[in-house]
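run25.pdb (PDB, C-alpha atoms, pLDDT in the B column) appears below.
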```pdb
ATOM      1  CA  MET A 676     123.208 103.391 128.210  1.00 94.00           C
ATOM      2  CA  ARG A 677     122.586 100.529 125.830  1.00 95.00           C
ATOM      3  CA  MET A 678     119.525  99.925 123.668  1.00 94.00           C
ATOM      4  CA  GLY A 679     117.506  97.778 126.104  1.00 94.00           C
ATOM      5  CA  GLU A 680     117.836 100.240 128.971  1.00 95.00           C
ATOM      6  CA  PHE A 681     117.150 103.163 126.628  1.00 95.00           C
ATOM      7  CA  SER A 682     114.033 101.449 125.325  1.00 96.00           C
ATOM      8  CA  ARG A 683     112.767 100.894 128.873  1.00 96.00           C
ATOM      9  CA  ARG A 684     113.464 104.483 129.887  1.00 96.00           C
ATOM     10  CA  THR A 685     111.787 106.016 126.840  1.00 95.00           C
ATOM     11  CA  GLY A 686     108.944 103.516 126.547  1.00 96.00           C
ATOM     12  CA  VAL A 687     109.765 103.120 122.848  1.00 96.00           C
ATOM     13  CA  SER A 688     110.441  99.701 121.329  1.00 96.00           C
ATOM     14  CA  GLN A 689     113.936  98.841 120.168  1.00 96.00           C
ATOM     15  CA  ARG A 690     112.618  98.321 116.662  1.00 96.00           C
ATOM     16  CA  LEU A 691     111.178 101.841 116.603  1.00 96.00           C
ATOM     17  CA  LEU A 692     114.412 103.290 118.004  1.00 96.00           C
ATOM     18  CA  ARG A 693     116.327 101.644 115.158  1.00 96.00           C
ATOM     19  CA  TYR A 694     113.819 103.149 112.727  1.00 96.00           C
ATOM     20  CA  TYR A 695     114.364 106.618 114.227  1.00 96.00           C
ATOM     21  CA  GLU A 696     118.087 106.089 113.730  1.00 95.00           C
ATOM     22  CA  GLU A 697     117.566 105.029 110.085  1.00 95.00           C
ATOM     23  CA  GLN A 698     115.511 108.191 109.526  1.00 94.00           C
ATOM     24  CA  GLY A 699     118.313 110.353 110.941  1.00 93.00           C
ATOM     25  CA  LEU A 700     116.282 111.376 113.989  1.00 94.00           C
ATOM     26  CA  LEU A 701     118.616 109.716 116.505  1.00 95.00           C
ATOM     27  CA  GLU A 702     122.375 109.429 116.308  1.00 93.00           C
ATOM     28  CA  PRO A 703     123.649 107.246 119.139  1.00 94.00           C
ATOM     29  CA  SER A 704     127.365 106.720 119.440  1.00 93.00           C
ATOM     30  CA  ARG A 705     128.768 103.236 118.912  1.00 93.00           C
ATOM     31  CA  ARG A 706     130.984 101.243 121.228  1.00 93.00           C
ATOM     32  CA  PRO A 707     133.961  99.410 119.716  1.00 93.00           C
ATOM     33  CA  SER A 708     131.781  96.284 119.900  1.00 93.00           C
ATOM     34  CA  GLY A 709     129.203  97.997 117.656  1.00 90.00           C
ATOM     35  CA  TYR A 710     126.592  98.378 120.387  1.00 93.00           C
ATOM     36  CA  ARG A 711     124.667 101.635 120.376  1.00 94.00           C
ATOM     37  CA  GLU A 712     125.297 103.962 123.298  1.00 96.00           C
ATOM     38  CA  PHE A 713     122.536 106.434 124.209  1.00 96.00           C
ATOM     39  CA  THR A 714     122.727 109.488 126.461  1.00 94.00           C
ATOM     40  CA  GLU A 715     120.305 111.416 128.645  1.00 91.00           C
ATOM     41  CA  GLU A 716     120.103 113.964 125.827  1.00 91.00           C
ATOM     42  CA  ASP A 717     118.855 111.199 123.532  1.00 93.00           C
ATOM     43  CA  ILE A 718     115.941 110.656 125.928  1.00 93.00           C
ATOM     44  CA  ALA A 719     114.908 114.282 125.384  1.00 89.00           C
ATOM     45  CA  THR A 720     115.294 113.782 121.628  1.00 91.00           C
ATOM     46  CA  VAL A 721     112.967 110.773 121.669  1.00 93.00           C
ATOM     47  CA  ARG A 722     110.463 112.740 123.780  1.00 91.00           C
ATOM     48  CA  GLY A 723     110.551 115.474 121.090  1.00 90.00           C
ATOM     49  CA  ILE A 724     110.165 112.963 118.274  1.00 93.00           C
ATOM     50  CA  ARG A 725     107.149 111.410 119.989  1.00 93.00           C
ATOM     51  CA  MET A 726     105.621 114.826 120.591  1.00 90.00           C
ATOM     52  CA  LEU A 727     105.993 115.847 116.942  1.00 90.00           C
ATOM     53  CA  LEU A 728     104.683 112.489 115.729  1.00 93.00           C
ATOM     54  CA  GLY A 729     101.710 113.018 118.041  1.00 91.00           C
ATOM     55  CA  ALA A 730     101.201 116.406 116.398  1.00 89.00           C
ATOM     56  CA  GLY A 731     100.759 114.613 113.076  1.00 89.00           C
ATOM     57  CA  LEU A 732     104.156 115.298 111.518  1.00 90.00           C
ATOM     58  CA  ASN A 733     105.932 112.616 109.520  1.00 91.00           C
ATOM     59  CA  THR A 734     109.528 111.563 110.200  1.00 92.00           C
ATOM     60  CA  ALA A 735     110.918 113.425 107.179  1.00 91.00           C
ATOM     61  CA  THR A 736     109.435 116.693 108.423  1.00 89.00           C
ATOM     62  CA  ILE A 737     110.583 115.951 111.971  1.00 91.00           C
ATOM     63  CA  ALA A 738     114.131 115.359 110.694  1.00 91.00           C
ATOM     64  CA  GLU A 739     114.062 118.840 109.148  1.00 87.00           C
ATOM     65  CA  LEU A 740     112.593 120.527 112.233  1.00 86.00           C
ATOM     66  CA  MET A 741     114.361 118.774 115.141  1.00 86.00           C
ATOM     67  CA  PRO A 742     117.725 120.543 114.784  1.00 84.00           C
ATOM     68  CA  CYS A 743     115.917 123.878 115.124  1.00 83.00           C
ATOM     69  CA  MET A 744     113.775 122.955 118.139  1.00 84.00           C
ATOM     70  CA  VAL A 745     114.385 123.795 121.781  1.00 83.00           C
ATOM     71  CA  ASP A 746     113.223 121.357 124.470  1.00 80.00           C
ATOM     72  CA  ASP A 747     112.459 122.919 127.849  1.00 76.00           C
ATOM     73  CA  GLY A 748     111.657 119.559 129.431  1.00 73.00           C
ATOM     74  CA  GLN A 749     107.914 120.040 128.991  1.00 75.00           C
ATOM     75  CA  THR A 750     107.415 120.938 125.365  1.00 77.00           C
ATOM     76  CA  LEU A 751     109.230 121.754 122.147  1.00 79.00           C
ATOM     77  CA  ALA A 752     109.418 125.211 120.670  1.00 80.00           C
ATOM     78  CA  PRO A 753     110.981 126.520 117.488  1.00 81.00           C
ATOM     79  CA  ALA A 754     114.348 128.150 118.096  1.00 82.00           C
ATOM     80  CA  CYS A 755     113.490 130.813 115.522  1.00 82.00           C
ATOM     81  CA  SER A 756     110.378 132.209 113.860  1.00 83.00           C
ATOM     82  CA  GLY A 757     111.715 131.071 110.468  1.00 84.00           C
ATOM     83  CA  MET A 758     110.208 127.639 111.204  1.00 84.00           C
ATOM     84  CA  LEU A 759     106.681 129.009 111.492  1.00 87.00           C
ATOM     85  CA  PRO A 760     105.859 128.732 107.759  1.00 89.00           C
ATOM     86  CA  ASP A 761     106.744 125.010 107.844  1.00 86.00           C
ATOM     87  CA  LEU A 762     104.684 124.482 110.990  1.00 88.00           C
ATOM     88  CA  ASP A 763     101.768 126.450 109.512  1.00 92.00           C
ATOM     89  CA  ARG A 764     101.958 124.304 106.349  1.00 91.00           C
ATOM     90  CA  GLU A 765     101.772 121.130 108.449  1.00 90.00           C
ATOM     91  CA  ARG A 766      98.852 122.547 110.445  1.00 92.00           C
ATOM     92  CA  GLU A 767      96.971 123.282 107.214  1.00 95.00           C
ATOM     93  CA  ARG A 768      97.662 119.735 105.950  1.00 92.00           C
ATOM     94  CA  ILE A 769      96.198 118.349 109.185  1.00 93.00           C
ATOM     95  CA  ASN A 770      93.177 120.692 108.931  1.00 95.00           C
ATOM     96  CA  GLU A 771      92.508 119.389 105.416  1.00 96.00           C
ATOM     97  CA  ALA A 772      92.761 115.786 106.621  1.00 95.00           C
ATOM     98  CA  VAL A 773      90.351 116.512 109.484  1.00 95.00           C
ATOM     99  CA  ALA A 774      87.901 118.156 107.069  1.00 97.00           C
ATOM    100  CA  GLY A 775      88.077 115.071 104.835  1.00 97.00           C
ATOM    101  CA  LEU A 776      87.392 112.754 107.762  1.00 97.00           C
ATOM    102  CA  LEU A 777      84.460 114.896 108.928  1.00 97.00           C
ATOM    103  CA  ALA A 778      82.990 114.834 105.407  1.00 97.00           C
ATOM    104  CA  ALA A 779      83.383 111.033 105.316  1.00 97.00           C
ATOM    105  CA  ARG A 780      81.640 110.745 108.687  1.00 97.00           C
ATOM    106  CA  ASP A 781      78.794 112.981 107.481  1.00 97.00           C
ATOM    107  CA  THR A 782      78.372 110.778 104.400  1.00 96.00           C
ATOM    108  CA  LEU A 783      78.320 107.654 106.557  1.00 95.00           C
ATOM    109  CA  ASP A 784      75.790 109.275 108.907  1.00 94.00           C
ATOM    110  CA  ALA A 785      73.553 109.992 105.892  1.00 94.00           C
ATOM    111  CA  VAL A 786      73.811 106.376 104.722  1.00 93.00           C
ATOM    112  CA  ILE A 787      73.006 105.121 108.224  1.00 91.00           C
ATOM    113  CA  ALA A 788      70.048 107.505 108.511  1.00 91.00           C
ATOM    114  CA  ALA A 789      68.696 106.348 105.132  1.00 90.00           C
ATOM    115  CA  THR A 790      68.977 102.664 106.020  1.00 84.00           C
ATOM    116  CA  ALA A 791      65.645 100.915 106.559  1.00 71.00           C
ATOM    117  CA  PRO A 792      65.039  99.731 110.099  1.00 74.00           C
ATOM    118  CA  THR A 793      65.747  96.081 110.885  1.00 67.00           C
ATOM    119  CA  GLY A 794      63.133  93.766 109.465  1.00 59.00           C
ATOM    120  CA  GLY A 795      62.539  95.839 106.345  1.00 59.00           C
ATOM    121  CA  GLY A 796      63.672  95.060 102.843  1.00 61.00           C
ATOM    122  CA  ASP A 797      64.391  91.740 101.214  1.00 67.00           C
ATOM    123  CA  PRO A 798      66.448  89.484 103.508  1.00 66.00           C
ATOM    124  CA  GLU A 799      67.482  87.297 100.563  1.00 72.00           C
ATOM    125  CA  ALA A 800      69.040  90.326  98.848  1.00 68.00           C
ATOM    126  CA  CYS A 801      71.036  91.071 102.017  1.00 67.00           C
ATOM    127  CA  TYR A 802      72.198  87.452 102.207  1.00 68.00           C
ATOM    128  CA  ALA A 803      73.217  87.500  98.549  1.00 66.00           C
ATOM    129  CA  ALA A 804      75.184  90.729  99.006  1.00 62.00           C
ATOM    130  CA  GLY A 805      76.923  89.349 102.081  1.00 66.00           C
ATOM    131  CA  ALA A 806      75.477  92.124 104.252  1.00 61.00           C
ATOM    132  CA  ALA A 807      73.690  89.663 106.494  1.00 60.00           C
ATOM    133  CA  GLU A 808      74.389  86.176 107.677  1.00 68.00           C
ATOM    134  CA  ARG A 809      71.807  83.432 107.287  1.00 65.00           C
ATOM    135  CA  PRO A 810      71.120  81.715 110.574  1.00 65.00           C
ATOM    136  CA  GLY A 811      73.645  78.902 110.968  1.00 65.00           C
ATOM    137  CA  ASP A 812      75.881  80.173 108.116  1.00 60.00           C
ATOM    138  CA  ALA A 813      79.385  80.633 109.559  1.00 58.00           C
ATOM    139  CA  THR A 814      80.921  81.322 106.141  1.00 57.00           C
ATOM    140  CA  ALA A 815      79.217  84.659 105.469  1.00 51.00           C
ATOM    141  CA  VAL A 816      81.554  87.583 104.804  1.00 53.00           C
ATOM    142  CA  PRO A 817      80.744  90.979 106.389  1.00 54.00           C
ATOM    143  CA  LEU A 818      79.830  93.805 104.016  1.00 54.00           C
ATOM    144  CA  GLY A 819      82.895  95.596 102.657  1.00 54.00           C
ATOM    145  CA  ILE A 820      85.290  92.688 103.237  1.00 49.00           C
ATOM    146  CA  ARG A 821      86.499  90.606 100.324  1.00 49.00           C
ATOM    147  CA  SER A 822      87.366  86.977 100.622  1.00 49.00           C
ATOM    148  CA  ASP A 823      91.054  87.842 100.167  1.00 51.00           C
ATOM    149  CA  SER A 824      90.842  89.944 103.390  1.00 47.00           C
ATOM    150  CA  ARG A 825      91.138  93.315 101.686  1.00 47.00           C
ATOM    151  CA  ALA A 826      88.516  95.959 102.274  1.00 46.00           C
ATOM    152  CA  VAL A 827      86.373  96.867  99.304  1.00 45.00           C
ATOM    153  CA  PRO A 828      86.859 100.536  98.369  1.00 46.00           C
TER     154      PRO A 828
END
```
Will you turn the file into structure tokens for me?
Amino acid sequence: MRMGEFSRRTGVSQRLLRYYEEQGLLEPSRRPSGYREFTEEDIATVRGIRMLLGAGLNTATIAELMPCMVDDGQTLAPACSGMLPDLDRERERINEAVAGLLAARDTLDAVIAATAPTGGGDPEACYAAGAAERPGDATAVPLGIRSDSRAVP
């Protein structure tokens, strides 16, 4: 099947399918005209790619793991236990990222809890810092956003 049909059947955009091909995750055959030709097996491959992306793996890691994975139509499983150290390493990386996000949320919760209730403090200081908008001032910039549209670290 050609790219458009394959995209419809997998629910993945053509642009993303080309990216998967560039990353070595998909290897469709080519017609003499140069058009890509996908198979039913490629549908299973895309399902596996999407599953591993959803598990937090990057495309480079997926490219290493995919040849050693078995797809039973429902899920992917390593074809051998030799892949477990790589999968454990990725799980630990994700655990560390989750811990970092939880710590960031806790810090934000502490800042929110320490914030004076509405009506307190000096409104002019909030206006000057850009944290509040003066009534009728449509040019105010929300806190944390710079005028060049980049977030302030």
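Atom CA of A:Tyr710 is found 27.4 Å from atom CA of A:Leu740.
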Q. Just so the selection is clear, what residues does the PyMOL selection byres ((chain A and resi 681) around 12) cover here, as a list in words?
A. Met676, Arg677, Met678, Gly679, Glu680, Ser682, Arg683, Arg684, Thr685, Gly686, Val687, Ser688, Gln689, Arg690, Leu691, Leu692, Arg693, Pro703, Arg711, Glu712, Phe713, Thr714, Glu715, Glu716, Asp717, Ile718, Ala719, Thr720 and Val721 of chain A
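Across the model, the gap from atom CA of A:Met744 to atom CA of A:Glu765 is 15.5 Å.
Relative to atom CA of A:Leu700, atom CA of A:Leu732 is found at 13.0 Å.
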Q | Shell of 12 Å around A:Asn733, all atoms listed in the file, local chain residues under 4 positions omitted, as JSON, numbers by chain | A | {"A": [695, 698, 700, 724, 725, 726, 727, 728, 729, 737, 738, 739, 740, 741, 765, 768, 769]}
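Among the candidates A:Gly723, A:Gly775, A:Arg764, A:Thr734, the one nearest to A:Tyr694 when counting all atoms listed in the file is A:Thr734.
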Q) Counting all atoms listed in the file, what is within 10 Å of A:Gln749, bar same-chain residues fewer than 2 positions away, as a PyMOL selection string? A) chain A and resi 719+722-723+746-747+751-752
